[in-house]
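Beneath this line is the structure, given in structure tokens, with notes to follow.
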Amino acid sequence: MKTLIYSTLIIALGILFISCETDYAGTDPENIRPYVRIAVNSDDNLTDITVSGRTRVEWFGNDIDGSRLRYYYTVTTDTSLTSDNVLASLPLSAHNQYGVRYWTVTDRNYAMIAMPFGPYNSDLVYMTDTVYSYVDSVFIAADSTWVVTHLESDFRAVWSKFFVFGVDERGGQSRIDSKIFRRTNRPPKFPMVYSQKLGLNGYDKYWMTLGPDSAQIVLEEENQNWKAFDFRWMGEDPDGLDAVLEFKWELRDRTEMPEGESEDMPLIMESNWSTDNASVRFSKVLYDQFINGSHRFRFIVRVRDDAYEESEFPSTINFEVFAPAFNKGILFIDDTDPVFFPPTSNLIMGNPDADAARSFYISLLEYAGLDTAGTGTVPSKEYTIRRYTALEGEDQIFLGLRELCNYELVIIVSDDRSNKRGVDFNTHNKFFAEYLQTGGSMFIIGPSVLYGRDYSSPDQLPINRYSFPYRYIFDGLTVMGQSLNPSSERFLREYFGIYSMTFPESKTYFTENSPNQPCNDHFLTDNYDFIGVDIAPHISDHMIRPLRIDSVKVNKAWFDLVQGERIRRLSLKDNGTVFTGIPTIEVEKGEVVYIYRSIYDLPREGDYALNINGTDTLRHYLKNTNYVTGEVHSSVLRRHGAVATRYISDQYHYRTAFFGMPLYFMDNSSGYVKDMFKSMIEWFSQGKNRRTE
């Protein structure tokens, strides 16, 4: 009986359990598919997108039994795709040819789309039958007219198709809706490429070649003295400022390719398409390529808009590089112009005989222990001498950077009074700076290299112009009438430490037997002042001694002119020591080597007169006296200040020196000029082994 009761209870509980389980679970309610529909903006459901900016495409979405929708959208130029087969052609999780997923996911009910103009998410492109054309024009406000500035060729619009669908929180998917658009597009302008290193300002050119004369030094890495090859660029889209542009650059080797060759060159490096890359710098990669035998390169920048259409032309920069060798000794540049000797008129006096000056400096080089190039056993102890003029000749030289960087030291000598065909700092200062930045050294001798301001006629320091001395500040500011350009001024200030120069009064003359000529001691006659240089007090080198003018050499370059009864006295007086044209220097760094020696530094006899060697042939009054009335107006000009300076850069990277006096016209009878020159060569050689520090 008890067993029956238990059995009955178990059966009852089982029936109850089964009944409760069925009633709890029931059946899930059917999920209603969400609804998505693209907004209609025009009657024909077509929209012309005439700019490359992003277009806002909107849709409506609704989920009756849900609260959250996620939307998937895509665009393709294959307008033959339909809502039924688009997912088969463009799988939801796959990527297109640009590495981007076919479908984009968003919670918003709109998307900013750049409708494609080229093949996108497909290899197919469908164009409209309508032919479009356009012109660029500019409005002239003055006469209220439009002027055509650029005419483009005809083109057609491209069809594209937009798809979107929604998915609710249960995974329910809406019907895929689609809409066709047509896109017109103008390709972007070629990229504008700039390079401070190469001096490029690419506003109006897409193809630039810098040949061998513009070849640039390349080092393994950038440092405080040498900057890497820099390129930066920007683009312009005629469809508007809101166009999104992407750039891509390539570096190619064109060493073995003929000039103008258009076929592909070996690729060294390249970037991916990106909206962020707007600049790049090269040093080691170019250096390594040069070491391996390459020296000519091509840098290319490409641009495309958000329609993936590239500009008609990329921007192409051809350039050449070389590494500094410094495997030779001295390049001696003779800047003496042989045209001006022998002088043919009083306007071009004061220039040395070119052959005599050449022989003089060869004697200095050989005294310093140097051999003619090719005759010695140690290349660093040899010199190569060249003349820098516009004349034809086997020793004529064009100052190219590649030539300079073979030599440890470059010496430029300009002892004449003409700069007509001399070394042009306005042209070469960039090369000189590059040469020094990479470890070279430079020694400038003679005053004429910097004759400036108003000496354009007769192309030299004049001898009969009564002009007051003037001070020339090397501040890089453009001043009317000055002949050095701002970059030359900055070069001389930065690399030579020169802050300013005071150029002297002009050489004048005394005319005998002339009723209107002031007496020979008048302020406006002979400007007897410069007689040589003294050593700066801190210089202790025993080979550097005071120097004086060689009157014999001076009088071969300056001579008297006999014109009937009149005689123009242009030569120095007996025992003469005077010479004009020597600038005094203010320096802001470096050290002074020589200071100006004036005739007024000589001992005086009496209150006003100077007597040399017991004679009165070198006689000059120290007062500006009116020779008619005897009235004393003021002291005659007395020059003073630094004449020669030298500078060692930070970390001994390079050395420079500027000696403003003409060494050829200095007295070398006791060997003082030779000793000084040899001492300076040794001073330059002290820093050559520290070039890489």
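Labeling convention for the structure tokens: chains A, B, ... as they appear, residues from 1 per chain, ligands from 1 in order of appearance.
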| said: Env of A:Asp123: 10 Å cut, atoms = only C-alpha atoms, seq-sep filter 5 positions within chain, self excluded. Answer as a ChimeraX atom specification. | reply: /A:76-78,97,118
| task | Please identify which residues in stretch 62-241 of chain A DSSP calls helix (DSSP H, G or I) from the backbone, and express them as a VMD selection string. | result | chain A and resid 86 to 89 212 to 214
Quick one: write out the picked residues with C-alpha atoms as a compact mmCIF listing (two decimals), in the first residue's frame?
```
# COMPACT_ATOMS: atom_id res chain seq x y z
CA VAL A 86 26.24 42.78 -54.01
CA LEU A 87 27.26 40.75 -50.93
CA ALA A 88 28.42 37.91 -53.14
CA SER A 89 30.69 40.29 -55.11
CA PRO A 212 76.69 68.45 -62.37
CA ASP A 213 77.41 72.11 -61.67
CA SER A 214 74.69 72.04 -59.01
```
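Going from atom CA of A:Asp264 to atom CA of A:Glu310 covers 17.9 Å.
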| request: Take atom CA of A:Leu210 and atom CA of A:Glu309 and report the distance between them in Å, one decimal. | output: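 Atom CA of A:Leu210 sits 29.2 Å away from atom CA of A:Glu309.
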For stretch 425-436 of chain A, please output as a tab-separated table (two decimals) with C-alpha atoms, in the first residue's frame all residues within 8 Å (counting only C-alpha atoms; exclusion window: fewer than 4 positions along the same chain).
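Output (out-v7.tsv):
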```tsv
chain	number	residue	atom	x	y	z
A	217	ILE	CA	77.60	67.15	-51.03
A	226	TRP	CA	75.52	69.89	-42.79
A	399	LEU	CA	84.11	77.36	-58.97
A	400	GLY	CA	81.92	74.29	-58.69
A	401	LEU	CA	81.31	72.56	-55.39
A	404	LEU	CA	86.27	72.56	-54.25
A	405	CYS	CA	85.65	69.46	-52.16
A	440	GLY	CA	86.91	72.42	-45.90
A	441	SER	CA	88.89	75.56	-45.08
A	442	MET	CA	89.21	78.87	-46.93
A	484	LEU	CA	76.88	92.19	-52.28
A	485	ASN	CA	73.60	90.39	-51.95
A	487	SER	CA	73.21	85.82	-48.73
A	488	SER	CA	76.83	86.82	-49.46
A	491	PHE	CA	78.05	83.96	-45.60
A	495	TYR	CA	81.79	81.66	-41.77
A	654	TYR	CA	86.54	74.28	-40.44
```
| request: Quick one: everything within 12 Å of A:Arg70, counting only C-alpha atoms, minus sequence neighbours fewer than 2 positions away in the same chain. Send it as a PyMOL selection string. | output: chain A and resi 34-36+61-63+66-68+72-73+104-110+164-174
| request: Please provide the set of residues having any atom within 6 Å of A:Arg252, restricted to only C-alpha atoms, with same-chain residues fewer than 5 positions apart removed, written as an NGL selection string. | output: :A and (265-268 or 297-298)
Restricting the output to C-alpha atoms, write the selected residues as a PDB file, in the first residue's frame.
```
ATOM      1  CA  MET A 265      64.660  53.490 -63.157  1.00  0.00           C
ATOM      2  CA  PRO A 266      65.769  51.228 -60.296  1.00  0.00           C
ATOM      3  CA  LEU A 267      63.654  51.948 -57.236  1.00  0.00           C
ATOM      4  CA  ILE A 268      65.570  52.722 -54.039  1.00  0.00           C
ATOM      5  CA  PHE A 297      68.985  60.328 -58.539  1.00  0.00           C
ATOM      6  CA  ARG A 298      65.369  61.040 -59.317  1.00  0.00           C
TER       7      ARG A 298
END
```
| request: Just the residues within 12 Å of A:Val75, please, counting only C-alpha atoms, with nothing from its chain fewer than 5 positions along; format it as a ChimeraX atom specification. | output: /A:57,81-82,86,90,96,101-104,111-117,119-122,159-164,177-182,307
Residues just named, written with N, CA and C atoms as a short mmCIF file (atom, residue, chain, number, x, y, z; two decimals), in the first residue's frame:
```
data_model
loop_
_atom_site.label_atom_id
_atom_site.label_comp_id
_atom_site.auth_asym_id
_atom_site.auth_seq_id
_atom_site.Cartn_x
_atom_site.Cartn_y
_atom_site.Cartn_z
N VAL A 57 25.49 61.44 -47.67
CA VAL A 57 24.42 60.54 -48.10
C VAL A 57 23.64 60.12 -46.86
N LEU A 81 25.80 45.79 -60.22
CA LEU A 81 25.48 45.03 -59.02
C LEU A 81 24.11 45.46 -58.48
N THR A 82 23.42 44.49 -57.87
CA THR A 82 22.09 44.75 -57.31
C THR A 82 22.08 44.39 -55.83
N VAL A 86 25.13 41.94 -54.40
CA VAL A 86 26.24 42.78 -54.01
C VAL A 86 27.10 42.12 -52.94
N LEU A 90 30.95 41.64 -53.12
CA LEU A 90 31.70 42.41 -52.13
C LEU A 90 31.42 41.83 -50.75
N ASN A 96 39.26 45.58 -50.30
CA ASN A 96 39.39 45.95 -51.71
C ASN A 96 40.86 46.09 -52.11
N ARG A 101 38.33 47.58 -46.07
CA ARG A 101 37.15 46.72 -46.11
C ARG A 101 36.11 47.28 -47.07
N TYR A 102 35.46 46.38 -47.77
CA TYR A 102 34.42 46.81 -48.70
C TYR A 102 33.33 47.58 -47.98
N TRP A 103 32.95 47.11 -46.81
CA TRP A 103 31.80 47.67 -46.10
C TRP A 103 32.26 48.42 -44.85
N THR A 104 31.65 49.56 -44.63
CA THR A 104 31.93 50.37 -43.45
C THR A 104 30.75 50.28 -42.50
N ALA A 111 26.49 59.17 -44.04
CA ALA A 111 27.92 58.94 -44.27
C ALA A 111 28.44 60.03 -45.19
N MET A 112 29.69 60.44 -44.98
CA MET A 112 30.36 61.39 -45.85
C MET A 112 31.18 60.58 -46.85
N ILE A 113 30.77 60.64 -48.10
CA ILE A 113 31.34 59.78 -49.13
C ILE A 113 32.01 60.63 -50.21
N ALA A 114 33.22 60.22 -50.61
CA ALA A 114 33.85 60.78 -51.81
C ALA A 114 33.54 59.81 -52.94
N MET A 115 32.58 60.18 -53.75
CA MET A 115 32.19 59.29 -54.83
C MET A 115 33.37 59.04 -55.77
N PRO A 116 33.67 57.80 -56.08
CA PRO A 116 34.86 57.49 -56.89
C PRO A 116 34.71 57.97 -58.33
N PHE A 117 35.86 58.28 -58.91
CA PHE A 117 35.89 58.67 -60.31
C PHE A 117 36.63 57.64 -61.16
N PRO A 119 38.07 53.29 -61.10
CA PRO A 119 37.58 52.00 -60.63
C PRO A 119 37.74 51.86 -59.12
N TYR A 120 36.65 51.55 -58.46
CA TYR A 120 36.68 51.44 -57.00
C TYR A 120 35.78 50.29 -56.59
N ASN A 121 36.33 49.40 -55.77
CA ASN A 121 35.64 48.17 -55.37
C ASN A 121 35.17 47.38 -56.58
N SER A 122 35.91 47.56 -57.67
CA SER A 122 35.57 46.87 -58.92
C SER A 122 36.62 47.22 -59.96
N TRP A 159 29.66 56.87 -63.29
CA TRP A 159 28.59 56.36 -62.45
C TRP A 159 29.19 55.61 -61.25
N SER A 160 28.53 55.73 -60.13
CA SER A 160 28.86 54.90 -58.96
C SER A 160 27.57 54.54 -58.26
N LYS A 161 27.61 53.47 -57.47
CA LYS A 161 26.40 52.98 -56.81
C LYS A 161 26.67 52.82 -55.32
N PHE A 162 25.74 53.35 -54.54
CA PHE A 162 25.85 53.31 -53.09
C PHE A 162 24.88 52.27 -52.54
N PHE A 163 25.34 51.41 -51.61
CA PHE A 163 24.51 50.39 -50.98
C PHE A 163 24.55 50.57 -49.47
N VAL A 164 23.41 50.31 -48.83
CA VAL A 164 23.35 50.37 -47.38
C VAL A 164 22.29 49.39 -46.88
N ASP A 177 19.36 48.59 -49.66
CA ASP A 177 18.89 49.65 -50.54
C ASP A 177 20.10 50.21 -51.31
N SER A 178 19.83 50.78 -52.45
CA SER A 178 20.92 51.29 -53.28
C SER A 178 20.48 52.58 -53.97
N LYS A 179 21.48 53.33 -54.40
CA LYS A 179 21.22 54.55 -55.13
C LYS A 179 22.40 54.84 -56.05
N ILE A 180 22.11 55.30 -57.26
CA ILE A 180 23.13 55.59 -58.25
C ILE A 180 23.46 57.09 -58.22
N PHE A 181 24.75 57.37 -58.27
CA PHE A 181 25.24 58.75 -58.34
C PHE A 181 26.09 58.90 -59.60
N ARG A 182 26.28 60.12 -60.02
CA ARG A 182 27.26 60.35 -61.07
C ARG A 182 28.22 61.43 -60.59
N ALA A 307 38.94 60.91 -55.49
CA ALA A 307 38.38 60.07 -56.54
C ALA A 307 39.43 59.09 -57.06
#
```
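Interatomic distance, atom CA of A:Arg358 to atom CA of A:Thr384: 12.3 Å.
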